[in-house]
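**Q** Provided herewith: model.txt, compact mmCIF, C-alpha atoms.
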# COMPACT_ATOMS: atom_id res chain seq x y z
CA ARG A 200 0.00 0.00 0.00
CA GLY A 201 3.02 2.26 0.42
CA GLU A 202 5.49 3.55 -2.12
CA GLY A 203 6.54 0.72 -4.46
CA GLY A 204 4.10 -1.54 -2.62
CA VAL A 205 3.03 -3.59 -5.63
CA ARG A 206 6.65 -4.19 -6.67
CA LYS A 207 7.68 -5.13 -3.13
CA ALA A 208 4.65 -7.33 -2.56
CA THR A 209 5.23 -9.10 -5.86
CA ALA A 210 8.87 -9.69 -4.95
CA PHE A 211 7.82 -11.05 -1.55
CA LEU A 212 5.34 -13.39 -3.27
CA VAL A 213 7.94 -14.57 -5.79
CA GLY A 214 10.37 -15.39 -2.96
CA ALA A 215 7.75 -17.36 -1.04
CA THR A 216 6.51 -19.18 -4.15
CA THR A 217 10.02 -20.14 -5.20
CA VAL A 218 10.75 -21.69 -1.81
CA ARG A 219 7.42 -23.57 -1.84
CA LEU A 220 8.22 -24.99 -5.28
CA LEU A 221 11.70 -26.01 -4.11
CA GLN A 222 10.15 -27.69 -1.07
CA GLY A 223 7.89 -29.58 -3.48
CA VAL A 224 10.86 -30.82 -5.47
CA LEU A 225 12.86 -31.77 -2.38
CA PHE A 226 10.09 -33.48 -0.44
CA GLY A 227 8.42 -34.85 -3.56
CA LEU A 228 11.55 -36.94 -3.96
CA VAL A 229 11.32 -38.12 -0.33
CA LEU A 230 7.66 -39.08 -0.66
CA ASP A 231 8.04 -40.72 -4.09
CA THR A 232 7.03 -44.36 -3.69
CA GLY A 233 8.84 -45.25 -6.89
CA ALA A 234 12.19 -44.66 -5.19
CA GLY A 235 13.43 -47.48 -2.97
CA ASP A 236 11.43 -49.89 -0.83
CA ALA A 237 7.66 -49.27 -0.93
CA ASP A 238 7.18 -50.37 2.71
CA GLU A 239 9.87 -47.96 3.86
CA SER A 240 8.35 -45.14 1.82
CA ASN A 241 4.87 -45.86 3.21
CA ALA A 242 6.27 -45.83 6.76
CA ILE A 243 7.92 -42.46 6.10
CA LYS A 244 4.68 -41.02 4.73
CA ALA A 245 2.56 -42.43 7.57
CA THR A 246 4.95 -41.08 10.21
CA LEU A 247 5.14 -37.71 8.47
CA LEU A 248 1.35 -37.39 8.31
CA LEU A 249 0.98 -38.44 11.94
CA VAL A 250 3.53 -35.85 13.08
CA ILE A 251 1.87 -33.17 10.92
CA GLY A 252 -1.55 -34.08 12.35
CA ILE A 253 -0.30 -33.89 15.92
CA ILE A 254 1.44 -30.55 15.28
CA MET A 255 -1.74 -29.11 13.82
CA LEU A 256 -3.88 -30.38 16.70
CA ILE A 257 -1.43 -28.83 19.17
CA ALA A 258 -1.56 -25.55 17.22
CA ALA A 259 -5.39 -25.58 17.32
CA TYR A 260 -5.36 -26.26 21.07
CA LYS A 261 -2.80 -23.55 21.80
CA LYS A 262 -4.71 -21.00 19.75
CA TRP A 263 -7.98 -21.99 21.46
CA ARG A 264 -6.47 -21.68 24.97
CA LYS A 265 -4.67 -18.39 24.36
CA GLU A 266 -6.67 -15.23 24.88
CA GLU A 267 -6.26 -12.67 22.12
CA ASP A 268 -5.11 -9.20 23.12
CA ALA A 269 -7.16 -6.79 21.00
CA ASP A 270 -4.83 -3.91 21.89
CA ALA A 271 -1.59 -5.74 21.03
CA PRO A 272 0.47 -4.02 18.33
CA PRO A 273 1.09 -5.88 15.07
CA PRO A 274 4.20 -8.09 14.99
CA LYS A 275 7.45 -6.15 14.49
CA TRP A 276 8.31 -8.07 11.31
CA MET A 277 5.09 -6.81 9.68
CA ALA A 278 5.98 -3.20 10.43
CA ALA A 279 9.49 -3.75 9.06
CA LEU A 280 8.16 -4.97 5.70
CA SER A 281 7.15 -1.49 4.53
CA GLY A 282 10.75 -0.24 4.71
CA LEU A 283 12.26 -3.04 2.64
CA SER A 284 13.54 -2.78 -0.92
CA ALA A 285 12.07 -5.14 -3.53
CA LEU A 286 15.16 -7.37 -3.35
CA LYS A 287 14.99 -7.56 0.44
CA ALA A 288 11.24 -8.27 0.19
CA LEU A 289 12.04 -11.20 -2.12
CA GLY A 290 14.49 -12.53 0.45
CA MET A 291 12.00 -11.96 3.27
CA GLY A 292 9.32 -13.90 1.40
CA ALA A 293 11.73 -16.79 0.89
CA LEU A 294 12.93 -16.66 4.49
CA LEU A 295 9.44 -16.60 5.98
CA MET A 296 8.44 -19.59 3.85
CA LEU A 297 11.55 -21.41 5.08
CA VAL A 298 10.97 -20.78 8.79
CA ALA A 299 7.16 -20.82 9.01
CA VAL A 300 6.23 -24.22 10.44
CA LYS A 301 2.62 -23.97 9.28
CA GLN A 302 3.76 -23.39 5.69
CA TRP A 303 5.91 -26.53 5.88
CA VAL A 304 2.93 -28.43 7.24
CA TYR A 305 0.66 -27.32 4.40
CA THR A 306 3.27 -28.08 1.75
CA LEU A 307 4.11 -31.51 3.15
CA SER A 308 0.43 -32.27 3.58
CA ALA A 309 -0.32 -31.38 -0.02
CA LEU A 310 2.56 -33.54 -1.22
CA ALA A 311 1.39 -36.51 0.84
CA ILE A 312 -2.18 -36.19 -0.44
CA ILE A 313 -1.02 -35.83 -4.05
CA GLU A 314 1.29 -38.83 -3.75
CA ALA A 315 -1.47 -40.93 -2.16
CA GLY A 316 -3.50 -40.52 -5.36
CA TYR A 317 -0.91 -42.53 -7.37
CA LEU A 318 -1.58 -40.51 -10.52
CA GLY A 319 1.95 -40.62 -11.89
CA LEU A 320 4.81 -38.17 -11.91
CA GLY A 321 3.41 -35.77 -14.52
CA ALA A 322 0.01 -35.48 -12.86
CA ASN A 323 1.62 -35.11 -9.43
CA ILE A 324 3.79 -32.25 -10.66
CA LEU A 325 0.77 -30.48 -12.18
CA LEU A 326 -1.24 -30.96 -8.99
CA PHE A 327 1.57 -29.56 -6.86
CA VAL A 328 1.93 -26.53 -9.14
CA PHE A 329 -1.85 -26.04 -8.89
CA PHE A 330 -1.64 -26.31 -5.07
CA THR A 331 1.18 -23.78 -5.02
CA LEU A 332 -0.72 -21.30 -7.18
CA ALA A 333 -3.90 -21.76 -5.11
CA ALA A 334 -2.00 -21.39 -1.83
CA GLN A 335 -0.27 -18.22 -3.03
CA LEU A 336 -3.53 -16.76 -4.37
CA LEU A 337 -4.37 -15.31 -0.95
CA SER A 338 -1.14 -13.32 -1.11
CA ALA A 339 -1.58 -12.47 -4.78
CA ALA A 340 -5.19 -11.26 -4.45
CA PRO A 341 -4.35 -7.89 -2.83
CA ILE A 342 -1.67 -7.28 -5.47
CA ILE A 343 -4.08 -8.08 -8.29
CA VAL A 344 -6.80 -5.88 -6.78
CA THR A 345 -4.35 -2.99 -6.40
CA VAL A 346 -3.20 -3.29 -10.01
CA VAL A 347 -6.68 -3.77 -11.51
CA ALA A 348 -8.64 -1.27 -9.40
CA PRO A 349 -6.22 1.00 -7.55
CA ARG A 350 -8.88 3.48 -6.42
CA GLN A 351 -11.13 0.85 -4.87
CA ALA A 352 -8.23 -1.23 -3.55
CA GLU A 353 -7.62 0.72 -0.36
CA ARG A 354 -11.19 0.39 0.88
CA LEU A 355 -11.38 -3.28 -0.14
CA LEU A 356 -7.99 -4.09 1.42
CA ASP A 357 -9.03 -2.36 4.65
CA ARG A 358 -12.16 -4.55 4.79
CA MET A 359 -10.17 -7.70 4.00
CA GLN A 360 -7.60 -6.86 6.67
CA GLY A 361 -10.34 -6.12 9.19
CA PHE A 362 -12.05 -9.45 8.43
CA LEU A 363 -8.80 -11.41 8.78
CA GLU A 364 -7.88 -9.62 12.00
CA ARG A 365 -11.37 -10.12 13.44
CA TYR A 366 -11.66 -13.81 12.51
CA ASN A 367 -7.99 -14.86 12.63
CA ARG A 368 -8.45 -16.94 15.76
CA PRO A 369 -11.46 -19.03 14.65
CA ILE A 370 -10.00 -19.47 11.14
CA THR A 371 -6.68 -20.70 12.56
CA ILE A 372 -8.39 -23.01 15.05
CA GLY A 373 -10.75 -24.43 12.42
CA VAL A 374 -8.13 -25.05 9.75
CA SER A 375 -5.66 -26.54 12.23
CA LEU A 376 -8.32 -28.76 13.77
CA ILE A 377 -9.68 -30.04 10.45
CA PHE A 378 -6.27 -30.82 8.95
CA GLY A 379 -4.93 -32.12 12.26
CA LEU A 380 -7.77 -34.64 12.59
CA TRP A 381 -7.53 -35.58 8.90
CA PHE A 382 -3.81 -36.35 9.03
CA THR A 383 -3.85 -38.00 12.44
Can the structure in the file be given as structure tokens, please?
**A**
Amino acid sequence: RGEGGVRKATAFLVGATTVRLLQGVLFGLVLDTGAGDADESNAIKATLLLVIGIIMLIAAYKKWRKEEDADAPPPKWMAALSGLSALKALGMGALLMLVAVKQWVYTLSALAIIEAGYLGLGANILLFVFFTLAAQLLSAAPIIVTVVAPRQAERLLDRMQGFLERYNRPITIGVSLIFGLWFT
């Protein structure tokens, strides 16, 4: 929303998307049942999904138990984003995707689900690319709105931000609970 915001936001998104795609390549190889012993690969996948499910259930519980402070300031890293150059925003997007546990969980979960379909390498790659694009759409939507309708974007982005801030807790609890139960 600030000066060079679209360029910086796009760079941030490109950094995050690149890391997600690299995670897909790296962990797609780990989850590939065509490589090595099928029993060993199935054990790896089952253990991975169990751990992911437990992590997500713990996240849902922690979010449910923790009281939200309505007057708490936004995280410091969010405030720092506005002062970054486009190149630093690209690096920040990549770094946040690397260190965000929930992003790892979603990526690994998608890979496990795709692999469980046994559709073949080509179809699995297309499905993962589709997942990546769909997952990044939430970050791309404000950029697209700002480019397409810059005058209406500020009001719309304010409403979107208000909605996400207001319902962050139930959304996080619900998504973590659903996926946690599914994978467990």
**Q** Could you please give me, as a list in words, the residues of protein, DNA or RNA lying at most 9 Å from (1.9, -32.8, 3.1) in the coordinate frame of the file, considering only C-alpha atoms?
**A**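 It turns out the residues near that spot are Phe226, Lys244, Leu247, Leu248, Ile251, Trp303, Val304, Tyr305, Thr306, Leu307, Ser308, Ala309, Leu310, Ala311, Ile312, Ile313 and Phe382 of chain A.
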**Q** Nearest to Ile253 of chain A among A:Leu376, A:Ala215, A:Ala333, A:Leu355, with distances taken over all atoms listed in the file: which residue is it?
**A**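 Closest to Ile253 of chain A of all the choices is A:Leu376.
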**Q** In Å, rounded to a single decimal, give me how far atom CA of Val218 of chain A is from atom CA of Glu314 of chain A.
**A** 19.7 Å
**Q** Distance atom CA of Lys265 of chain A-atom CA of Phe378 of chain A, one decimal place?
**A**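 Between atom CA of Lys265 of chain A and atom CA of Phe378 of chain A the gap is 19.9 Å.
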**Q** Enter the distance from atom CA of Leu225 of chain A to atom CA of Thr383 of chain A, in Å, rounded to one decimal.
**A**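 Those two atoms sit 23.2 Å apart.
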**Q** Skip Gly292 of chain A itself and residues of its chain fewer than 6 positions away, then list as a short mmCIF file (atom, residue, chain, number, x, y, z; two decimals) with C-alpha atoms, keeping the file's coordinate frame all residues within 8 Å of it, counting all atoms listed in the file.
**A**
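Resulting contents of selection-v7.cif:
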data_model
loop_
_atom_site.label_atom_id
_atom_site.label_comp_id
_atom_site.auth_asym_id
_atom_site.auth_seq_id
_atom_site.Cartn_x
_atom_site.Cartn_y
_atom_site.Cartn_z
CA ALA A 210 8.87 -9.69 -4.95
CA PHE A 211 7.82 -11.05 -1.55
CA LEU A 212 5.34 -13.39 -3.27
CA VAL A 213 7.94 -14.57 -5.79
CA GLY A 214 10.37 -15.39 -2.96
CA ALA A 215 7.75 -17.36 -1.04
#
**Q** A:Ile370, A:Val205, A:Ala245, A:Val224: which is nearest Leu320 of chain A, counting all atoms listed in the file?
**A**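 When distances to Leu320 of chain A are compared using all atoms listed in the file, the smallest one comes from A:Val224.
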**Q** With a distance cut-off of 12 Å and all atoms listed in the file, select the neighbouring residues of Ile257 of chain A, excluding the residue or stretch itself and same-chain residues fewer than 2 positions from it, and output the selection as JSON, numbers by chain.
**A** {"A": [250, 251, 252, 253, 254, 255, 259, 260, 261, 262, 263, 264, 301, 371, 372, 375, 376, 378, 379, 380, 383]}
**Q** Take the residues from that selection and write them out as a short mmCIF file (atom, residue, chain, number, x, y, z; two decimals), in the frame of the given file, keeping C-alpha atoms.
**A**
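Saved the output as out-v6.cif:
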data_model
loop_
_atom_site.label_atom_id
_atom_site.label_comp_id
_atom_site.auth_asym_id
_atom_site.auth_seq_id
_atom_site.Cartn_x
_atom_site.Cartn_y
_atom_site.Cartn_z
CA VAL A 250 3.53 -35.85 13.08
CA ILE A 251 1.87 -33.17 10.92
CA GLY A 252 -1.55 -34.08 12.35
CA ILE A 253 -0.30 -33.89 15.92
CA ILE A 254 1.44 -30.55 15.28
CA MET A 255 -1.74 -29.11 13.82
CA ALA A 259 -5.39 -25.58 17.32
CA TYR A 260 -5.36 -26.26 21.07
CA LYS A 261 -2.80 -23.55 21.80
CA LYS A 262 -4.71 -21.00 19.75
CA TRP A 263 -7.98 -21.99 21.46
CA ARG A 264 -6.47 -21.68 24.97
CA LYS A 301 2.62 -23.97 9.28
CA THR A 371 -6.68 -20.70 12.56
CA ILE A 372 -8.39 -23.01 15.05
CA SER A 375 -5.66 -26.54 12.23
CA LEU A 376 -8.32 -28.76 13.77
CA PHE A 378 -6.27 -30.82 8.95
CA GLY A 379 -4.93 -32.12 12.26
CA LEU A 380 -7.77 -34.64 12.59
CA THR A 383 -3.85 -38.00 12.44
#
**Q** Might you pull out every residue within 12 Å of Thr209 of chain A, with all atoms listed in the file counted and same-chain residues fewer than 6 positions away left off, and present them as a ChimeraX atom specification?
**A** /A:203,215-216,284-292,335-336,338-343,345-346
**Q** So which one's closest to Arg365 of chain A, A:Ala208, A:Glu267, A:Leu249, A:Thr217? Using only C-alpha atoms, please.
**A**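 Counting only C-alpha atoms, the residue closest to Arg365 of chain A is A:Glu267.
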